[in-house]
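Engineer: Here you go, this is work_25.pdb (PDB, C-alpha atoms, pLDDT in the B column).
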MODEL        1
ATOM      1  CA  MET A1419     -47.976 -64.356 -25.555  1.00 55.00           C
ATOM      2  CA  SER A1420     -47.928 -66.632 -22.509  1.00 82.00           C
ATOM      3  CA  LYS A1421     -48.304 -65.313 -19.007  1.00 92.00           C
ATOM      4  CA  PRO A1422     -45.109 -64.630 -17.061  1.00 95.00           C
ATOM      5  CA  THR A1423     -43.878 -67.230 -14.585  1.00 96.00           C
ATOM      6  CA  ILE A1424     -42.456 -66.033 -11.268  1.00 97.00           C
ATOM      7  CA  LEU A1425     -40.382 -68.202  -8.940  1.00 96.00           C
ATOM      8  CA  PHE A1426     -39.823 -67.109  -5.334  1.00 96.00           C
ATOM      9  CA  ALA A1427     -36.896 -68.853  -3.646  1.00 93.00           C
ATOM     10  CA  CYS A1428     -35.597 -68.854  -0.093  1.00 91.00           C
ATOM     11  CA  ILE A1429     -33.829 -71.393   2.088  1.00 90.00           C
ATOM     12  CA  HIS A1430     -36.640 -73.474   3.599  1.00 92.00           C
ATOM     13  CA  ASN A1431     -39.637 -72.567   1.393  1.00 94.00           C
ATOM     14  CA  SER A1432     -41.639 -72.243   4.575  1.00 94.00           C
ATOM     15  CA  GLY A1433     -41.783 -68.491   5.250  1.00 96.00           C
ATOM     16  CA  ARG A1434     -40.682 -65.690   2.940  1.00 96.00           C
ATOM     17  CA  SER A1435     -41.124 -67.491  -0.382  1.00 96.00           C
ATOM     18  CA  VAL A1436     -44.476 -68.929   0.709  1.00 97.00           C
ATOM     19  CA  ALA A1437     -45.764 -65.478   1.672  1.00 98.00           C
ATOM     20  CA  ALA A1438     -44.549 -64.054  -1.646  1.00 98.00           C
ATOM     21  CA  GLN A1439     -46.168 -66.895  -3.602  1.00 97.00           C
ATOM     22  CA  VAL A1440     -49.515 -66.533  -1.835  1.00 97.00           C
ATOM     23  CA  LEU A1441     -49.524 -62.738  -2.213  1.00 98.00           C
ATOM     24  CA  ALA A1442     -48.493 -62.865  -5.896  1.00 98.00           C
ATOM     25  CA  ARG A1443     -51.249 -65.375  -6.647  1.00 97.00           C
ATOM     26  CA  HIS A1444     -53.725 -63.187  -4.791  1.00 97.00           C
ATOM     27  CA  TYR A1445     -52.793 -59.967  -6.604  1.00 97.00           C
ATOM     28  CA  GLY A1446     -51.794 -61.468  -9.958  1.00 96.00           C
ATOM     29  CA  GLY A1447     -54.679 -63.886 -10.352  1.00 95.00           C
ATOM     30  CA  ASP A1448     -54.723 -65.696 -13.674  1.00 94.00           C
ATOM     31  CA  ALA A1449     -52.332 -63.178 -15.260  1.00 95.00           C
ATOM     32  CA  VAL A1450     -49.241 -64.873 -13.788  1.00 97.00           C
ATOM     33  CA  GLU A1451     -47.957 -68.331 -12.970  1.00 97.00           C
ATOM     34  CA  VAL A1452     -46.400 -68.346  -9.497  1.00 97.00           C
ATOM     35  CA  ARG A1453     -44.159 -70.927  -7.844  1.00 96.00           C
ATOM     36  CA  SER A1454     -41.906 -71.125  -4.817  1.00 96.00           C
ATOM     37  CA  ALA A1455     -39.101 -73.389  -3.652  1.00 94.00           C
ATOM     38  CA  GLY A1456     -36.249 -73.612  -1.181  1.00 92.00           C
ATOM     39  CA  SER A1457     -32.600 -74.578  -1.387  1.00 88.00           C
ATOM     40  CA  GLU A1458     -33.077 -76.659   1.801  1.00 90.00           C
ATOM     41  CA  PRO A1459     -36.862 -77.197   2.062  1.00 92.00           C
ATOM     42  CA  GLY A1460     -38.350 -77.451   5.521  1.00 92.00           C
ATOM     43  CA  ALA A1461     -41.012 -79.884   6.663  1.00 93.00           C
ATOM     44  CA  HIS A1462     -43.931 -77.440   6.789  1.00 94.00           C
ATOM     45  CA  VAL A1463     -44.988 -73.806   6.512  1.00 96.00           C
ATOM     46  CA  ASN A1464     -43.877 -71.541   9.342  1.00 96.00           C
ATOM     47  CA  PRO A1465     -46.998 -71.440  11.569  1.00 96.00           C
ATOM     48  CA  VAL A1466     -46.619 -67.717  12.361  1.00 97.00           C
ATOM     49  CA  VAL A1467     -46.364 -66.870   8.645  1.00 97.00           C
ATOM     50  CA  ALA A1468     -49.468 -69.021   8.043  1.00 97.00           C
ATOM     51  CA  GLU A1469     -51.280 -67.163  10.848  1.00 97.00           C
ATOM     52  CA  VAL A1470     -50.380 -63.727   9.441  1.00 98.00           C
ATOM     53  CA  LEU A1471     -51.498 -64.732   5.938  1.00 98.00           C
ATOM     54  CA  ALA A1472     -54.756 -66.145   7.372  1.00 97.00           C
ATOM     55  CA  GLU A1473     -55.344 -62.788   9.093  1.00 97.00           C
ATOM     56  CA  ARG A1474     -55.273 -61.285   5.590  1.00 97.00           C
ATOM     57  CA  GLY A1475     -57.806 -63.832   4.355  1.00 97.00           C
ATOM     58  CA  LEU A1476     -55.135 -65.860   2.562  1.00 97.00           C
ATOM     59  CA  PRO A1477     -54.950 -69.238   4.288  1.00 91.00           C
ATOM     60  CA  VAL A1478     -52.030 -71.554   3.520  1.00 92.00           C
ATOM     61  CA  VAL A1479     -53.408 -75.035   3.918  1.00 85.00           C
ATOM     62  CA  ASP A1480     -52.000 -77.110   1.082  1.00 88.00           C
ATOM     63  CA  HIS A1481     -48.441 -75.830   0.636  1.00 91.00           C
ATOM     64  CA  VAL A1482     -45.681 -78.423   0.843  1.00 92.00           C
ATOM     65  CA  PRO A1483     -42.137 -76.986   0.791  1.00 94.00           C
ATOM     66  CA  ALA A1484     -40.460 -77.813  -2.527  1.00 94.00           C
ATOM     67  CA  LYS A1485     -36.812 -78.266  -3.498  1.00 93.00           C
ATOM     68  CA  LEU A1486     -35.288 -75.522  -5.622  1.00 90.00           C
ATOM     69  CA  ASP A1487     -33.909 -77.137  -8.763  1.00 89.00           C
ATOM     70  CA  TRP A1488     -32.637 -76.277 -12.235  1.00 88.00           C
ATOM     71  CA  ASP A1489     -35.937 -77.094 -13.949  1.00 91.00           C
ATOM     72  CA  LEU A1490     -37.922 -74.656 -11.779  1.00 91.00           C
ATOM     73  CA  VAL A1491     -35.473 -71.852 -12.472  1.00 89.00           C
ATOM     74  CA  GLN A1492     -35.159 -72.646 -16.161  1.00 90.00           C
ATOM     75  CA  SER A1493     -38.949 -72.644 -16.654  1.00 93.00           C
ATOM     76  CA  SER A1494     -39.401 -69.276 -14.897  1.00 94.00           C
ATOM     77  CA  ASP A1495     -39.271 -65.799 -16.414  1.00 94.00           C
ATOM     78  CA  VAL A1496     -38.607 -63.973 -13.141  1.00 95.00           C
ATOM     79  CA  VAL A1497     -36.630 -65.454 -10.246  1.00 94.00           C
ATOM     80  CA  VAL A1498     -36.801 -63.682  -6.897  1.00 95.00           C
ATOM     81  CA  THR A1499     -34.364 -64.866  -4.249  1.00 92.00           C
ATOM     82  CA  MET A1500     -34.760 -64.128  -0.568  1.00 91.00           C
ATOM     83  CA  GLY A1501     -31.759 -65.461   1.266  1.00 77.00           C
ATOM     84  CA  CYS A1502     -30.923 -68.609  -0.729  1.00 67.00           C
ATOM     85  CA  GLY A1503     -27.680 -67.007  -1.876  1.00 63.00           C
ATOM     86  CA  GLU A1504     -25.429 -68.820  -4.280  1.00 57.00           C
ATOM     87  CA  THR A1505     -27.513 -72.018  -4.270  1.00 62.00           C
ATOM     88  CA  CYS A1506     -29.912 -70.554  -6.835  1.00 67.00           C
ATOM     89  CA  PRO A1507     -29.008 -71.589 -10.392  1.00 67.00           C
ATOM     90  CA  VAL A1508     -28.582 -68.755 -12.893  1.00 73.00           C
ATOM     91  CA  PHE A1509     -29.668 -68.918 -16.536  1.00 73.00           C
ATOM     92  CA  PRO A1510     -29.102 -66.225 -19.172  1.00 76.00           C
ATOM     93  CA  GLY A1511     -32.207 -64.336 -20.249  1.00 78.00           C
ATOM     94  CA  LYS A1512     -34.017 -64.600 -16.924  1.00 86.00           C
ATOM     95  CA  ARG A1513     -34.890 -61.619 -14.790  1.00 92.00           C
ATOM     96  CA  TYR A1514     -33.358 -61.983 -11.330  1.00 91.00           C
ATOM     97  CA  GLU A1515     -34.107 -59.970  -8.228  1.00 93.00           C
ATOM     98  CA  ASP A1516     -32.692 -60.472  -4.770  1.00 91.00           C
ATOM     99  CA  TRP A1517     -34.906 -59.170  -2.006  1.00 94.00           C
ATOM    100  CA  PRO A1518     -33.148 -58.568   1.333  1.00 92.00           C
ATOM    101  CA  VAL A1519     -36.105 -59.697   3.438  1.00 93.00           C
ATOM    102  CA  ASP A1520     -35.703 -60.704   7.091  1.00 93.00           C
ATOM    103  CA  ASP A1521     -36.184 -64.382   7.918  1.00 93.00           C
ATOM    104  CA  PRO A1522     -39.427 -64.915   9.887  1.00 95.00           C
ATOM    105  CA  ALA A1523     -38.131 -68.111  11.545  1.00 93.00           C
ATOM    106  CA  GLY A1524     -38.336 -67.791  15.323  1.00 95.00           C
ATOM    107  CA  GLN A1525     -39.838 -64.294  15.195  1.00 97.00           C
ATOM    108  CA  ASP A1526     -42.856 -63.028  17.126  1.00 97.00           C
ATOM    109  CA  ILE A1527     -46.112 -62.282  15.321  1.00 98.00           C
ATOM    110  CA  GLU A1528     -45.576 -58.503  15.180  1.00 98.00           C
ATOM    111  CA  THR A1529     -42.212 -58.973  13.485  1.00 98.00           C
ATOM    112  CA  VAL A1530     -43.711 -61.475  11.034  1.00 98.00           C
ATOM    113  CA  ARG A1531     -46.537 -59.028  10.241  1.00 98.00           C
ATOM    114  CA  ARG A1532     -43.877 -56.449   9.363  1.00 98.00           C
ATOM    115  CA  ILE A1533     -41.992 -58.965   7.207  1.00 97.00           C
ATOM    116  CA  VAL A1534     -45.164 -59.995   5.357  1.00 98.00           C
ATOM    117  CA  SER A1535     -46.062 -56.327   4.806  1.00 98.00           C
ATOM    118  CA  ASP A1536     -42.594 -55.755   3.330  1.00 98.00           C
ATOM    119  CA  ILE A1537     -43.056 -58.751   1.011  1.00 98.00           C
ATOM    120  CA  ASP A1538     -46.546 -57.495   0.087  1.00 98.00           C
ATOM    121  CA  GLU A1539     -45.148 -54.141  -1.090  1.00 98.00           C
ATOM    122  CA  ARG A1540     -42.383 -55.843  -3.069  1.00 98.00           C
ATOM    123  CA  VAL A1541     -44.817 -58.276  -4.719  1.00 98.00           C
ATOM    124  CA  ARG A1542     -47.145 -55.446  -5.787  1.00 98.00           C
ATOM    125  CA  ALA A1543     -44.213 -53.524  -7.285  1.00 98.00           C
ATOM    126  CA  LEU A1544     -42.964 -56.630  -9.089  1.00 98.00           C
ATOM    127  CA  LEU A1545     -46.385 -57.384 -10.573  1.00 97.00           C
ATOM    128  CA  ALA A1546     -46.773 -53.754 -11.668  1.00 96.00           C
ATOM    129  CA  SER A1547     -43.431 -54.008 -13.499  1.00 95.00           C
ATOM    130  CA  LEU A1548     -44.456 -57.033 -15.588  1.00 93.00           C
ATOM    131  CA  PRO A1549     -45.836 -56.104 -19.005  1.00 81.00           C
ATOM    132  CA  ASP A1550     -48.617 -58.712 -19.147  1.00 67.00           C
ATOM    133  CA  ALA A1551     -49.503 -59.152 -15.467  1.00 61.00           C
TER     134      ALA A1551
ENDMDL
END
Using the file provided, produce a representation of the structure as structure tokens.
Structural biologist:
Amino acid sequence: MSKPTILFACIHNSGRSVAAQVLARHYGGDAVEVRSAGSEPGAHVNPVVAEVLAERGLPVVDHVPAKLDWDLVQSSDVVVTMGCGETCPVFPGKRYEDWPVDDPAGQDIETVRRIVSDIDERVRALLASLPDA
């Protein structure tokens, strides 16, 4: 059986979905395929999110925000949305979760640390729920 593919989606693919992608890759290793995208991709990763992830030893140096499209959703087993709302395409047979995670845009570092910690807990629970991860 192939490894599960997880897609994390938010609006700009520069904060929440990036943190989730980095954390899922860290905890899931080679057992999962992890992607992220945004319904309206930004130009770069939120610098405060990048700083908080770097504090955890997880630098984000090569991420380029990607556009959320049908192909990404269709090729994923699990789709986790974080604020992209109705712009995320829905396909039968996929597992969908919507995480009500605060947007880190414009937030101070303490708030972003809290947001990343929230995402960390959710990612660990998601990975634990996957049969082959």
Engineer: Between CA of Leu1545 in chain A and CA of Gly1447 in chain A, what is the spacing in Å?
Structural biologist: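 Pair CA of Gly1447 in chain A / CA of Leu1545 in chain A returns 10.5 Å.
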Engineer: Pick out the closest residue to Ala1546 in chain A from this set: A:Val1519, A:Val1450, A:Leu1471, A:Val1478. Count all atoms listed in the file.
Structural biologist: A:Val1450
Engineer: Residue by residue, what does the PyMOL selection byres ((chain A and resi 1530) around 10) grab here? Present the result as a ChimeraX atom specification.
Structural biologist: /A:1433-1434,1466-1471,1520-1529,1531-1536
Engineer: Compile the contact shell of range 1492-1499 of chain A as JSON, numbers by chain: residues with an atom at most 10 Å away, counting all atoms listed in the file, same-chain residues fewer than 6 positions apart removed.
Structural biologist: {"A": [1421, 1422, 1423, 1424, 1425, 1426, 1427, 1428, 1429, 1434, 1435, 1438, 1451, 1452, 1453, 1454, 1455, 1456, 1505, 1506, 1507, 1508, 1509, 1510, 1511, 1512, 1513, 1514, 1515, 1516, 1517, 1518, 1519, 1541, 1544, 1548]}
Engineer: Rounded to one decimal in Å, what is the spacing between CA of Ala1449 in chain A and CA of Asp1489 in chain A?
Structural biologist: 21.5 Å
Engineer: To one decimal place, how far is CA of Lys1485 in chain A from CA of Ser1432 in chain A in Å?
Structural biologist: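 Computing it gives 11.2 Å between the two atoms.
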Engineer: Using the chain letters and numbers from this file, what does the PyMOL selection byres ((chain A and resi 1460) around 9) select? Give the answer as a PDB file with C-alpha atoms, in the frame of the given file.
Structural biologist:
ATOM      1  CA  ILE A1429     -33.829 -71.393   2.088  1.00 90.00           C
ATOM      2  CA  HIS A1430     -36.640 -73.474   3.599  1.00 92.00           C
ATOM      3  CA  ASN A1431     -39.637 -72.567   1.393  1.00 94.00           C
ATOM      4  CA  SER A1432     -41.639 -72.243   4.575  1.00 94.00           C
ATOM      5  CA  GLY A1456     -36.249 -73.612  -1.181  1.00 92.00           C
ATOM      6  CA  GLU A1458     -33.077 -76.659   1.801  1.00 90.00           C
ATOM      7  CA  PRO A1459     -36.862 -77.197   2.062  1.00 92.00           C
ATOM      8  CA  ALA A1461     -41.012 -79.884   6.663  1.00 93.00           C
ATOM      9  CA  HIS A1462     -43.931 -77.440   6.789  1.00 94.00           C
ATOM     10  CA  VAL A1463     -44.988 -73.806   6.512  1.00 96.00           C
ATOM     11  CA  ASN A1464     -43.877 -71.541   9.342  1.00 96.00           C
ATOM     12  CA  VAL A1482     -45.681 -78.423   0.843  1.00 92.00           C
ATOM     13  CA  PRO A1483     -42.137 -76.986   0.791  1.00 94.00           C
ATOM     14  CA  ALA A1484     -40.460 -77.813  -2.527  1.00 94.00           C
TER      15      ALA A1484
END
Engineer: For a quick check of understanding, using all atoms listed in the file, which of A:Pro1549, A:Glu1473, A:Pro1465, A:Ser1457 has the smallest distance to Val1491 in chain A?
Structural biologist: A:Ser1457
Engineer: Using all atoms listed in the file, can you tell me which of A:Glu1539, A:Ser1547, A:Met1500, A:Trp1488 comes closest to Leu1441 in chain A?
Structural biologist: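 Using all atoms listed in the file, the shortest distance to Leu1441 in chain A belongs to A:Glu1539.
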